[in-house]
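Engineer: Below you will find the structure I want to go over with you.
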Amino acid sequence: MSPYPHLLEPLDLGFTTLRNRVVMGSMHTGLEDRASDLDRLATYYAERARGGAGLIVTGGFAPNLEGTLYPGGSALLTSRQARRHRRITDAVHREGGKIALQILHAGRYAYHPASVAPSRLKSPITPFTPRALSTRGVERTVRAYARCARLAREAGYDGVEIMASEGYLLNQFLAPRTNQRTDRYGGSPENRRRLPVEVVRAVREAAGEDFVVVYRLSMLDLVPDGQSWDEVVALAREVEAAGATIINTGIGWHEARVPTIVTSVPRGAFTRVTAKLRPEVSVPVVASNRITMPDLAEQTIADGSADLVSMARPFLADPDWVRKAEQDRADEINTCIACNQACLDHTFAKKTATCLVNPRAAHETVLVLAPTRRARSVAVVGAGPAGLAAATSLAERGHRVELFEAAEDIGGQFALAMRIPGKEEFAETIRYFRRRLELTGVKVHLGRRAEPADLTEFDEVVLATGVEPRIPDVPGIDHPKVVTYAAAVRGEAPVGRRVAVMGAGGIGVDVSEFLTHTASPLTVEQWMAEWGVGSPDASRGGLVDPQPEASPREVHLLQRKDTPIGKGLGRTTGWVHRAALKAKGVHHHVGVNYERVDDAGLHVTHGPDRADPQVLDVDTVVLCTGQESVNGLATTLEGLGVPVHVIGGAELAAELDAKRAIRQGTELAARL
Ligand code: NAP
Ligand code: SF4
């Protein structure tokens with residue numbers, strides 16, 4: 001008996017059957033943009049098809065040039081291009097999978113001067129003011145979608161997904177916020193939905209009856225003047241009547257000031273929205289956003305919230321997600337921790353997407369962990385992300401690996417991160433590695449600080465000894481009210497009601513969130529209240545007044561630079577942290593000099609002239625002033641002639657970064 005009977009049940013669509021209810025959602029990897037990368041893209045999708053995904057949806061392809069996301073961005077415009085896509089569709093079909101091409105017209109989100117939109121209104125997240133499409137321009141756009149769908153069929157795709165959420169072109173036509181037209185494509189709700197409905201009809205006609213047409217419908221815009229719930233329901237019914245096979249859930253525009261997919265969004269936060277729409281239509285509906293593990297996916301279908309679930313990032317993290325669920329091996333799933341650091345942050349920086357916890361994602365052809373022909377004995381010192389990735393990947397290749405960890409448990413910096421409110425997902429990575437260590441037969445020595453004598457007999461030594469908190473040179477830094485972030489987060493040192501956080505990098509911001517929250521993790525209801533997310537029928541766009549819980553502490557967050565706090569945080573996550581700190585009333589101090597700490601508190605001055613002396617009357621000062629590498633063993637071992645490889649924070653503390661650590665550990669394992 002399958003542990004996930006609803007999730008793994010095939011879905012009969014009449015003309016075709018999906019082998020289960022799991023959709024690999026669309027994720028732009030950057031490999032879509034160049035013809036020379038199509039083989040690499042084909043390998044990436046084929047690996048996910050082999051892993052059991054029921055339906056794969058590609059990254060977005062524009063139906064015409066003005067709809068591309070950026071100059072040179074992916075588009076499907078010609079039969080010649082369609083022929084090249086055969087390499088993708090054939091590779092997926094060989095693995096028994098099905099794949100749909102996503103058609104995405106960026107509208108005013110296009111990052112180029114030729115962008116178009118329903119009305120001449122610039123988006124808050126792009127520098128270009130779009131041209132308003134003429135009525136004939138709208139008609140041409142409908143034909144472009146139809147051509148794209150026909151080409152997708154020619155290319156061997158099993159279907160298309162019409163991307164009509166997240167604030168892209170079709171969504172822009174639907175909302176009064178962006179549609180101020182006076183022709184038949186604007187004004188009344190019927191007129192605003194005319195374009196999306198015509199697109200579905202034209203796509204269905206162009207591609208034929210035996211072709212999957214998924215419509216990604218924005219069920220909750222999360223922007224002022226978004227759609228009302230009545231409009232969403234009417235749209236869903238018309239889209240169904242126009243020929244959609246499946247309706248997928250879209251939540252929140254890219255310009256929304258409510259996070260929808262970052263790690264602090266509780267799992268399954270939006271399945272209730274899909275559940276509300278489901279009874280209104282008779283086609284299958286797909287739930288999405290923050291569904292990461294099989295138990296929640298199963299429950300979402302079993303309780304009638306949806307017919308299918310869509311996961312995009314979880315398939316970057318683990319191509320074998322479905323296979324592992326089928327075989328009751330969910331504890332082996334490499335869970336997406338919703339950090340965005342290697343996927344969306346890469347995409348926005350125009351770098352090929354990959355995954356922090358799985359650096360092979362979209363790099364399957366270049367980062368290969370093949371069985372070794374010469375098994376060696378390897379000692380890995382340090383069981384943080386770098387050491388865990390190295391040890392398990394080396395063992396998987398056939399090396400004999402022993403892992404030494406001074407602490408009583410594995411995890412390193414992740415064991416701290418998982419204690420931060422909204423970062424509970426980091427515990428999943430530790431669970432994944434713990435299981436992988438068992439499966440790969442790594443011999444683990446916990447509570448054992450490796451000495452040179454322990455290591456000299458190994459063929460190779462990998463030093464992943466990580467970092468220790470930097471103690472800045474400030475008078476009074478040894479005052480009892482000063483504690484390190486590690487001691488504060490682990491609860492080893494008491495933290496008073498008034499607190500100064502010294503250092504406002506990623507960890508200073510995390511610690512400020514830790515100090516200003518009482519409940520962790522937040523329930524979906526608490527999280528919705530905190531961010532002002534209402535029931536879809538509460539208001540247009542689903543927005544209500546945020547009601548953040550008051551902070552139990554007064555927190556001052558300080559840095560020496562005079563740039564705004566949080567500037568160096570992730571592109572797609574930094575704004576969420578900044579908004580969270582603001583909601584909790586955290587005081588920002590930039591351009592400060594730390595003068596001393598004493599019984600009165602933390603003494604600071606401002607600017608190069610050390611002006612405006614100020615005493616922050618605080619009970620506790622938490623040090624988040626960066627890290628120093630711990631790699632003392634390296635020199636000793638080199639002196640003894642032992643081959644040593646230093647990776648992760650032990651190599652470079654300045655950029656202490658789990659993405660680099662896991663990638664470095666995996667790449668080293670692939671080389672040895
Ligand atoms: P960081 O980002 O390098 O920040 C260190 C902070 O300490 C800075 O604010 C720095 O700014 C200050 N500082 C450095 N040397 C100092 C000194 N001698 N005296 C006083 N202040 C000093 O390091 P982190 O916060 O420890 O984070 C480490 C890494 O973890 C980051 O690079 C990031 O990759 C990752 N991380 C990210 C997140 C996230 O994105 N949310 C969360 C946690 C960790 P000033 O010099 O201006 O004072
Ligand atoms: Fe998930 Fe982070 Fe990997 Fe993106 S980089 S897929 S968010 S774990």
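Every chain in the structure tokens has a letter given in the order shown (A, B, ...), and although residue numbers restart at 1 in each chain, ligands are simply numbered from 1 in the order shown.
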Please write out the residues within 10 Å of ligand 2 as a PDB file with N, CA and C atoms, in the first residue's frame, counting only C-alpha atoms and all ligand atoms.
Structural biologist:
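Resulting contents of pocket.pdb:
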ATOM      1  N   MET A  27      10.151  26.746 -13.786  1.00  0.00           N
ATOM      2  CA  MET A  27      11.257  27.465 -13.142  1.00  0.00           C
ATOM      3  C   MET A  27      12.247  27.831 -14.227  1.00  0.00           C
ATOM      4  N   ILE A 261       6.758  32.871  -1.473  1.00  0.00           N
ATOM      5  CA  ILE A 261       7.476  31.593  -1.602  1.00  0.00           C
ATOM      6  C   ILE A 261       8.725  31.503  -0.728  1.00  0.00           C
ATOM      7  N   VAL A 262       9.108  32.575  -0.040  1.00  0.00           N
ATOM      8  CA  VAL A 262      10.356  32.490   0.738  1.00  0.00           C
ATOM      9  C   VAL A 262      10.157  31.561   1.935  1.00  0.00           C
ATOM     10  N   THR A 263      11.267  31.217   2.563  1.00  0.00           N
ATOM     11  CA  THR A 263      11.235  30.163   3.572  1.00  0.00           C
ATOM     12  C   THR A 263      10.366  30.501   4.782  1.00  0.00           C
ATOM     13  N   ARG A 290       5.003  26.662  -1.689  1.00  0.00           N
ATOM     14  CA  ARG A 290       5.441  26.149  -0.384  1.00  0.00           C
ATOM     15  C   ARG A 290       4.852  24.775  -0.046  1.00  0.00           C
ATOM     16  N   THR A 292       6.359  21.217  -0.109  1.00  0.00           N
ATOM     17  CA  THR A 292       7.713  20.719  -0.323  1.00  0.00           C
ATOM     18  C   THR A 292       7.880  19.235  -0.044  1.00  0.00           C
ATOM     19  N   MET A 311       5.138  21.749  -7.746  1.00  0.00           N
ATOM     20  CA  MET A 311       6.346  22.126  -7.015  1.00  0.00           C
ATOM     21  C   MET A 311       7.410  22.461  -8.045  1.00  0.00           C
ATOM     22  N   ALA A 312       8.026  23.583  -7.919  1.00  0.00           N
ATOM     23  CA  ALA A 312       9.067  23.951  -8.875  1.00  0.00           C
ATOM     24  C   ALA A 312      10.435  23.749  -8.224  1.00  0.00           C
ATOM     25  N   ARG A 313      10.715  24.548  -7.197  1.00  0.00           N
ATOM     26  CA  ARG A 313      12.030  24.481  -6.568  1.00  0.00           C
ATOM     27  C   ARG A 313      12.328  23.108  -5.948  1.00  0.00           C
ATOM     28  N   PRO A 314      11.320  22.415  -5.370  1.00  0.00           N
ATOM     29  CA  PRO A 314      11.646  21.089  -4.814  1.00  0.00           C
ATOM     30  C   PRO A 314      12.226  20.122  -5.849  1.00  0.00           C
ATOM     31  N   PHE A 315      11.929  20.362  -7.143  1.00  0.00           N
ATOM     32  CA  PHE A 315      12.517  19.492  -8.163  1.00  0.00           C
ATOM     33  C   PHE A 315      13.933  19.911  -8.543  1.00  0.00           C
ATOM     34  N   LEU A 316      14.304  21.135  -8.239  1.00  0.00           N
ATOM     35  CA  LEU A 316      15.719  21.494  -8.364  1.00  0.00           C
ATOM     36  C   LEU A 316      16.487  20.787  -7.255  1.00  0.00           C
ATOM     37  N   ALA A 317      15.903  20.829  -6.052  1.00  0.00           N
ATOM     38  CA  ALA A 317      16.585  20.256  -4.891  1.00  0.00           C
ATOM     39  C   ALA A 317      16.714  18.743  -5.009  1.00  0.00           C
ATOM     40  N   ASP A 318      15.696  18.085  -5.560  1.00  0.00           N
ATOM     41  CA  ASP A 318      15.749  16.625  -5.651  1.00  0.00           C
ATOM     42  C   ASP A 318      15.008  16.120  -6.880  1.00  0.00           C
ATOM     43  N   ASN A 334      15.890  15.346  -0.553  1.00  0.00           N
ATOM     44  CA  ASN A 334      16.672  16.559  -0.318  1.00  0.00           C
ATOM     45  C   ASN A 334      15.677  17.713  -0.454  1.00  0.00           C
ATOM     46  N   THR A 335      15.266  18.266   0.680  1.00  0.00           N
ATOM     47  CA  THR A 335      14.136  19.201   0.700  1.00  0.00           C
ATOM     48  C   THR A 335      14.572  20.610   0.308  1.00  0.00           C
ATOM     49  N   CYS A 336      13.792  21.225  -0.541  1.00  0.00           N
ATOM     50  CA  CYS A 336      14.028  22.644  -0.863  1.00  0.00           C
ATOM     51  C   CYS A 336      13.768  23.456   0.393  1.00  0.00           C
ATOM     52  N   ILE A 337      14.734  24.300   0.777  1.00  0.00           N
ATOM     53  CA  ILE A 337      14.565  25.094   1.998  1.00  0.00           C
ATOM     54  C   ILE A 337      14.060  26.502   1.681  1.00  0.00           C
ATOM     55  N   ALA A 338      13.645  26.704   0.427  1.00  0.00           N
ATOM     56  CA  ALA A 338      12.979  27.947   0.026  1.00  0.00           C
ATOM     57  C   ALA A 338      13.856  29.185   0.270  1.00  0.00           C
ATOM     58  N   CYS A 339      15.166  29.023   0.096  1.00  0.00           N
ATOM     59  CA  CYS A 339      16.093  30.125   0.366  1.00  0.00           C
ATOM     60  C   CYS A 339      16.239  31.069  -0.835  1.00  0.00           C
ATOM     61  N   ASN A 340      15.943  30.576  -2.018  1.00  0.00           N
ATOM     62  CA  ASN A 340      16.053  31.328  -3.286  1.00  0.00           C
ATOM     63  C   ASN A 340      17.480  31.676  -3.699  1.00  0.00           C
ATOM     64  N   GLN A 341      18.456  31.296  -2.872  1.00  0.00           N
ATOM     65  CA  GLN A 341      19.811  31.809  -3.078  1.00  0.00           C
ATOM     66  C   GLN A 341      20.468  31.363  -4.385  1.00  0.00           C
ATOM     67  N   ALA A 342      20.173  30.119  -4.793  1.00  0.00           N
ATOM     68  CA  ALA A 342      20.851  29.634  -6.002  1.00  0.00           C
ATOM     69  C   ALA A 342      19.903  29.515  -7.188  1.00  0.00           C
ATOM     70  N   CYS A 343      18.603  29.674  -6.941  1.00  0.00           N
ATOM     71  CA  CYS A 343      17.658  29.575  -8.066  1.00  0.00           C
ATOM     72  C   CYS A 343      17.217  30.974  -8.481  1.00  0.00           C
ATOM     73  N   LEU A 344      16.244  31.546  -7.780  1.00  0.00           N
ATOM     74  CA  LEU A 344      15.717  32.838  -8.241  1.00  0.00           C
ATOM     75  C   LEU A 344      16.751  33.963  -8.174  1.00  0.00           C
ATOM     76  N   ASP A 345      17.584  33.960  -7.119  1.00  0.00           N
ATOM     77  CA  ASP A 345      18.599  35.025  -7.040  1.00  0.00           C
ATOM     78  C   ASP A 345      19.569  34.925  -8.212  1.00  0.00           C
ATOM     79  N   HIS A 346      19.849  33.700  -8.665  1.00  0.00           N
ATOM     80  CA  HIS A 346      20.705  33.541  -9.851  1.00  0.00           C
ATOM     81  C   HIS A 346      19.988  34.063 -11.089  1.00  0.00           C
ATOM     82  N   ALA A 353      20.503  29.137 -13.128  1.00  0.00           N
ATOM     83  CA  ALA A 353      19.963  28.732 -11.830  1.00  0.00           C
ATOM     84  C   ALA A 353      20.533  27.378 -11.436  1.00  0.00           C
ATOM     85  N   THR A 354      20.637  27.165 -10.141  1.00  0.00           N
ATOM     86  CA  THR A 354      20.947  25.845  -9.619  1.00  0.00           C
ATOM     87  C   THR A 354      20.288  25.768  -8.250  1.00  0.00           C
ATOM     88  N   CYS A 355      20.825  24.971  -7.343  1.00  0.00           N
ATOM     89  CA  CYS A 355      20.156  24.824  -6.061  1.00  0.00           C
ATOM     90  C   CYS A 355      21.194  24.798  -4.952  1.00  0.00           C
ATOM     91  N   LEU A 356      20.929  25.537  -3.889  1.00  0.00           N
ATOM     92  CA  LEU A 356      21.883  25.585  -2.773  1.00  0.00           C
ATOM     93  C   LEU A 356      22.128  24.187  -2.203  1.00  0.00           C
ATOM     94  N   VAL A 357      21.057  23.397  -2.049  1.00  0.00           N
ATOM     95  CA  VAL A 357      21.242  22.078  -1.434  1.00  0.00           C
ATOM     96  C   VAL A 357      21.566  20.993  -2.466  1.00  0.00           C
ATOM     97  N   ASN A 358      21.469  21.334  -3.746  1.00  0.00           N
ATOM     98  CA  ASN A 358      21.817  20.372  -4.800  1.00  0.00           C
ATOM     99  C   ASN A 358      22.526  21.100  -5.944  1.00  0.00           C
ATOM    100  N   PRO A 359      23.840  21.272  -5.813  1.00  0.00           N
ATOM    101  CA  PRO A 359      24.552  22.050  -6.836  1.00  0.00           C
ATOM    102  C   PRO A 359      24.588  21.376  -8.202  1.00  0.00           C
ATOM    103  N   ALA A 361      21.902  20.599  -9.784  1.00  0.00           N
ATOM    104  CA  ALA A 361      20.695  21.015 -10.507  1.00  0.00           C
ATOM    105  C   ALA A 361      21.064  21.945 -11.654  1.00  0.00           C
ATOM    106  N   GLU A 425      13.020  25.401   8.079  1.00  0.00           N
ATOM    107  CA  GLU A 425      13.280  24.450   6.987  1.00  0.00           C
ATOM    108  C   GLU A 425      14.728  23.968   6.968  1.00  0.00           C
ATOM    109  N   PHE A 426      15.654  24.761   7.513  1.00  0.00           N
ATOM    110  CA  PHE A 426      17.058  24.362   7.465  1.00  0.00           C
ATOM    111  C   PHE A 426      17.290  23.032   8.188  1.00  0.00           C
ATOM    112  N   THR A 429      17.598  19.986   5.864  1.00  0.00           N
ATOM    113  CA  THR A 429      18.884  19.672   5.226  1.00  0.00           C
ATOM    114  C   THR A 429      19.724  18.802   6.153  1.00  0.00           C
ATOM    115  N   LYS A 659      25.785  28.095   0.121  1.00  0.00           N
ATOM    116  CA  LYS A 659      25.745  27.732  -1.301  1.00  0.00           C
ATOM    117  C   LYS A 659      27.139  27.353  -1.778  1.00  0.00           C
TER     118      LYS A 659
END
Engineer: Would you name the residues within 6 Å of ligand 1, counting only C-alpha atoms and all ligand atoms, and put them as number ranges by chain?
Structural biologist: A: 472, 503-508, 510, 559-561, 569-570, 624-627, 654-657
Engineer: Take the residues from that selection and put them in a file with N, CA, C and O atoms, as a PDB file, in the first residue's frame.
Structural biologist:
ATOM      1  N   PRO A 472      35.174  41.699  17.906  1.00  0.00           N
ATOM      2  CA  PRO A 472      35.817  42.946  17.480  1.00  0.00           C
ATOM      3  C   PRO A 472      36.622  43.582  18.614  1.00  0.00           C
ATOM      4  O   PRO A 472      36.351  43.338  19.790  1.00  0.00           O
ATOM      5  N   GLY A 503      26.552  44.636  14.112  1.00  0.00           N
ATOM      6  CA  GLY A 503      26.782  43.959  12.839  1.00  0.00           C
ATOM      7  C   GLY A 503      25.449  43.631  12.194  1.00  0.00           C
ATOM      8  O   GLY A 503      24.594  42.978  12.814  1.00  0.00           O
ATOM      9  N   ALA A 504      25.246  44.118  10.972  1.00  0.00           N
ATOM     10  CA  ALA A 504      23.936  43.963  10.329  1.00  0.00           C
ATOM     11  C   ALA A 504      24.052  43.226   9.003  1.00  0.00           C
ATOM     12  O   ALA A 504      23.391  43.557   8.028  1.00  0.00           O
ATOM     13  N   GLY A 505      24.912  42.192   8.978  1.00  0.00           N
ATOM     14  CA  GLY A 505      24.931  41.305   7.805  1.00  0.00           C
ATOM     15  C   GLY A 505      23.775  40.314   7.914  1.00  0.00           C
ATOM     16  O   GLY A 505      22.842  40.515   8.711  1.00  0.00           O
ATOM     17  N   GLY A 506      23.857  39.228   7.156  1.00  0.00           N
ATOM     18  CA  GLY A 506      22.780  38.236   7.168  1.00  0.00           C
ATOM     19  C   GLY A 506      22.492  37.747   8.579  1.00  0.00           C
ATOM     20  O   GLY A 506      21.333  37.600   8.981  1.00  0.00           O
ATOM     21  N   ILE A 507      23.550  37.560   9.363  1.00  0.00           N
ATOM     22  CA  ILE A 507      23.340  36.996  10.696  1.00  0.00           C
ATOM     23  C   ILE A 507      22.773  38.039  11.661  1.00  0.00           C
ATOM     24  O   ILE A 507      21.881  37.747  12.451  1.00  0.00           O
ATOM     25  N   GLY A 508      23.235  39.305  11.558  1.00  0.00           N
ATOM     26  CA  GLY A 508      22.671  40.368  12.396  1.00  0.00           C
ATOM     27  C   GLY A 508      21.174  40.525  12.154  1.00  0.00           C
ATOM     28  O   GLY A 508      20.390  40.713  13.096  1.00  0.00           O
ATOM     29  N   ASP A 510      19.158  38.144  10.902  1.00  0.00           N
ATOM     30  CA  ASP A 510      18.513  36.930  11.427  1.00  0.00           C
ATOM     31  C   ASP A 510      18.341  37.020  12.942  1.00  0.00           C
ATOM     32  O   ASP A 510      17.290  36.681  13.482  1.00  0.00           O
ATOM     33  N   GLN A 559      25.466  49.038  12.238  1.00  0.00           N
ATOM     34  CA  GLN A 559      26.615  48.704  11.384  1.00  0.00           C
ATOM     35  C   GLN A 559      27.479  49.952  11.193  1.00  0.00           C
ATOM     36  O   GLN A 559      27.022  51.083  11.341  1.00  0.00           O
ATOM     37  N   ARG A 560      28.758  49.723  10.814  1.00  0.00           N
ATOM     38  CA  ARG A 560      29.694  50.839  10.632  1.00  0.00           C
ATOM     39  C   ARG A 560      29.498  51.508   9.280  1.00  0.00           C
ATOM     40  O   ARG A 560      29.674  52.712   9.148  1.00  0.00           O
ATOM     41  N   LYS A 561      29.151  50.727   8.256  1.00  0.00           N
ATOM     42  CA  LYS A 561      28.914  51.309   6.920  1.00  0.00           C
ATOM     43  C   LYS A 561      27.748  52.283   7.003  1.00  0.00           C
ATOM     44  O   LYS A 561      26.867  52.117   7.843  1.00  0.00           O
ATOM     45  N   LEU A 569      21.753  41.645   1.312  1.00  0.00           N
ATOM     46  CA  LEU A 569      20.993  40.391   1.408  1.00  0.00           C
ATOM     47  C   LEU A 569      20.524  39.953   0.027  1.00  0.00           C
ATOM     48  O   LEU A 569      20.638  40.689  -0.950  1.00  0.00           O
ATOM     49  N   GLY A 570      19.945  38.770  -0.049  1.00  0.00           N
ATOM     50  CA  GLY A 570      19.529  38.202  -1.332  1.00  0.00           C
ATOM     51  C   GLY A 570      18.535  39.106  -2.061  1.00  0.00           C
ATOM     52  O   GLY A 570      17.705  39.769  -1.439  1.00  0.00           O
ATOM     53  N   CYS A 624      27.386  40.193  16.083  1.00  0.00           N
ATOM     54  CA  CYS A 624      27.136  39.560  14.777  1.00  0.00           C
ATOM     55  C   CYS A 624      28.116  40.195  13.795  1.00  0.00           C
ATOM     56  O   CYS A 624      27.738  40.656  12.712  1.00  0.00           O
ATOM     57  N   THR A 625      29.356  40.259  14.225  1.00  0.00           N
ATOM     58  CA  THR A 625      30.360  41.056  13.517  1.00  0.00           C
ATOM     59  C   THR A 625      31.221  40.208  12.586  1.00  0.00           C
ATOM     60  O   THR A 625      32.411  40.442  12.431  1.00  0.00           O
ATOM     61  N   GLY A 626      30.604  39.221  11.974  1.00  0.00           N
ATOM     62  CA  GLY A 626      31.309  38.404  10.992  1.00  0.00           C
ATOM     63  C   GLY A 626      32.011  37.224  11.643  1.00  0.00           C
ATOM     64  O   GLY A 626      31.792  36.911  12.820  1.00  0.00           O
ATOM     65  N   GLN A 627      32.818  36.559  10.845  1.00  0.00           N
ATOM     66  CA  GLN A 627      33.428  35.300  11.293  1.00  0.00           C
ATOM     67  C   GLN A 627      34.913  35.263  10.959  1.00  0.00           C
ATOM     68  O   GLN A 627      35.379  35.979  10.097  1.00  0.00           O
ATOM     69  N   ALA A 654      35.000  35.277   4.961  1.00  0.00           N
ATOM     70  CA  ALA A 654      34.375  36.543   4.565  1.00  0.00           C
ATOM     71  C   ALA A 654      33.094  36.302   3.784  1.00  0.00           C
ATOM     72  O   ALA A 654      32.150  37.058   3.874  1.00  0.00           O
ATOM     73  N   GLU A 655      33.086  35.227   3.004  1.00  0.00           N
ATOM     74  CA  GLU A 655      31.886  34.950   2.221  1.00  0.00           C
ATOM     75  C   GLU A 655      31.204  33.694   2.731  1.00  0.00           C
ATOM     76  O   GLU A 655      30.665  32.925   1.956  1.00  0.00           O
ATOM     77  N   LEU A 656      31.301  33.498   4.035  1.00  0.00           N
ATOM     78  CA  LEU A 656      30.688  32.309   4.620  1.00  0.00           C
ATOM     79  C   LEU A 656      29.304  32.150   4.015  1.00  0.00           C
ATOM     80  O   LEU A 656      28.453  33.003   4.138  1.00  0.00           O
ATOM     81  N   ASP A 657      29.114  31.063   3.343  1.00  0.00           N
ATOM     82  CA  ASP A 657      27.944  30.989   2.500  1.00  0.00           C
ATOM     83  C   ASP A 657      27.682  29.507   2.220  1.00  0.00           C
ATOM     84  O   ASP A 657      28.532  28.805   1.695  1.00  0.00           O
TER      85      ASP A 657
END
Engineer: Write out as a ChimeraX atom specification which residues come within 10 Å of region 42-51 of chain A when counting only C-alpha atoms, dropping same-chain ones fewer than 6 positions away.
Structural biologist: /A:24,29,31,57-58,85-99,315-316,318-324,360-365
Engineer: Excluding Tyr4 (chain A) and residues on its chain fewer than 4 positions from it, collect all residues at most 8 Å away from it, counting only C-alpha atoms, and give them as number ranges by chain.
Structural biologist: A: 8, 294-295, 298, 325-326
Engineer: Report the residues of region 490-620 of chain A whose backbone DSSP state falls under alpha helix (DSSP H), written as a count of residues only.
Structural biologist: 29
Engineer: Name the closest residue to Tyr111 (chain A) among the candidates A:Thr271, A:Asn171, A:Thr129, A:Gln413; distances are taken between atoms, counting only C-alpha atoms.
Structural biologist: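 Comparing A:Thr271, A:Asn171, A:Thr129, A:Gln413 against Tyr111 (chain A), the winner is A:Thr129.
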Engineer: Find the residues around region 72-82 of chain A up to 12 Å (only C-alpha atoms counted), leave out those fewer than 6 positions away in its own chain, and share them as a PyMOL selection string.
Structural biologist: chain A and resi 28-38+58-66+88-89+101-106+110-112+143-157+160+347+350
Engineer: Just checking: using only C-alpha atoms, which residue out of A:Val203, A:Ile662, A:Val467, A:Ile251 ends up closest to Leu220 (chain A)?
Structural biologist: A:Ile251
Engineer: Smallest atom-to-atom distance to Val214 (chain A): which of A:Ala389, A:Ala370, A:Leu235, A:Ile246, using only C-alpha atoms?
Structural biologist: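 Nearest to Val214 (chain A): A:Ile246.
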Engineer: Looking at only C-alpha atoms, which of A:Gly52, A:Gly441, A:Pro130, A:Gly14 is the one that sits closest to Gly398 (chain A)?
Structural biologist: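 Closest residue, counting only C-alpha atoms: A:Gly441.
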Engineer: In Å to one decimal, how far is CA of Gly639 (chain A) from CA of Lys443 (chain A)?
Structural biologist: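 CA of Lys443 (chain A) sits 26.0 Å away from CA of Gly639 (chain A).
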Engineer: Can you list, as a PyMOL selection string, every residue of region 281-391 of chain A that DSSP puts in strand (DSSP E)?
Structural biologist: chain A and resi 285-287+308-311+377-381
Engineer: How would the residues just chosen look if you wrote them out with all heavy atoms as a compact mmCIF listing (two decimals), in the first residue's frame?
Structural biologist:
# COMPACT_ATOMS: atom_id res chain seq x y z
N VAL A 285 -7.80 21.15 -10.61
CA VAL A 285 -7.04 22.33 -10.20
C VAL A 285 -5.77 21.89 -9.47
O VAL A 285 -5.72 20.83 -8.85
CB VAL A 285 -7.86 23.29 -9.30
CG1 VAL A 285 -9.04 23.87 -10.06
CG2 VAL A 285 -8.32 22.60 -8.04
N VAL A 286 -4.77 22.75 -9.57
CA VAL A 286 -3.45 22.45 -9.01
C VAL A 286 -3.16 23.42 -7.88
O VAL A 286 -3.33 24.63 -8.05
CB VAL A 286 -2.35 22.65 -10.09
CG1 VAL A 286 -1.00 22.12 -9.60
CG2 VAL A 286 -2.74 22.00 -11.41
N ALA A 287 -2.71 22.91 -6.74
CA ALA A 287 -2.28 23.79 -5.64
C ALA A 287 -0.79 24.04 -5.79
O ALA A 287 -0.05 23.19 -6.30
CB ALA A 287 -2.56 23.12 -4.30
N LEU A 308 -4.20 18.21 -8.05
CA LEU A 308 -2.76 17.99 -8.25
C LEU A 308 -2.01 19.01 -7.40
O LEU A 308 -2.58 20.00 -6.94
CB LEU A 308 -2.36 18.24 -9.72
CG LEU A 308 -3.05 17.45 -10.81
CD1 LEU A 308 -4.03 18.35 -11.54
CD2 LEU A 308 -2.04 16.91 -11.81
N VAL A 309 -0.70 18.75 -7.22
CA VAL A 309 0.13 19.77 -6.57
C VAL A 309 1.26 20.13 -7.52
O VAL A 309 1.75 19.29 -8.28
CB VAL A 309 0.74 19.29 -5.24
CG1 VAL A 309 -0.33 19.07 -4.20
CG2 VAL A 309 1.58 18.05 -5.43
N SER A 310 1.67 21.38 -7.46
CA SER A 310 2.80 21.82 -8.28
C SER A 310 3.95 22.20 -7.37
O SER A 310 3.75 22.86 -6.34
CB SER A 310 2.38 23.04 -9.11
OG SER A 310 3.52 23.60 -9.71
N MET A 311 5.14 21.75 -7.75
CA MET A 311 6.35 22.13 -7.01
C MET A 311 7.41 22.46 -8.05
O MET A 311 7.65 21.65 -8.95
CB MET A 311 6.82 20.97 -6.14
CG MET A 311 5.88 20.67 -4.99
SD MET A 311 6.36 19.16 -4.15
CE MET A 311 5.92 17.98 -5.37
N SER A 377 41.03 6.24 1.19
CA SER A 377 40.49 6.57 2.51
C SER A 377 40.56 8.08 2.68
O SER A 377 41.60 8.69 2.41
CB SER A 377 41.29 5.85 3.60
OG SER A 377 42.62 6.32 3.60
N VAL A 378 39.44 8.66 3.06
CA VAL A 378 39.37 10.12 3.18
C VAL A 378 38.81 10.48 4.55
O VAL A 378 37.76 9.94 4.96
CB VAL A 378 38.46 10.74 2.09
CG1 VAL A 378 38.55 12.27 2.12
CG2 VAL A 378 38.79 10.20 0.71
N ALA A 379 39.48 11.41 5.24
CA ALA A 379 38.94 11.96 6.48
C ALA A 379 38.34 13.32 6.17
O ALA A 379 38.99 14.14 5.52
CB ALA A 379 40.05 12.11 7.52
N VAL A 380 37.12 13.53 6.61
CA VAL A 380 36.51 14.85 6.47
C VAL A 380 36.37 15.41 7.88
O VAL A 380 35.80 14.74 8.76
CB VAL A 380 35.13 14.76 5.77
CG1 VAL A 380 34.50 16.14 5.68
CG2 VAL A 380 35.28 14.15 4.38
N VAL A 381 36.89 16.61 8.10
CA VAL A 381 36.84 17.19 9.44
C VAL A 381 35.85 18.34 9.43
O VAL A 381 36.04 19.34 8.73
CB VAL A 381 38.24 17.69 9.88
CG1 VAL A 381 38.20 18.13 11.35
CG2 VAL A 381 39.28 16.60 9.66
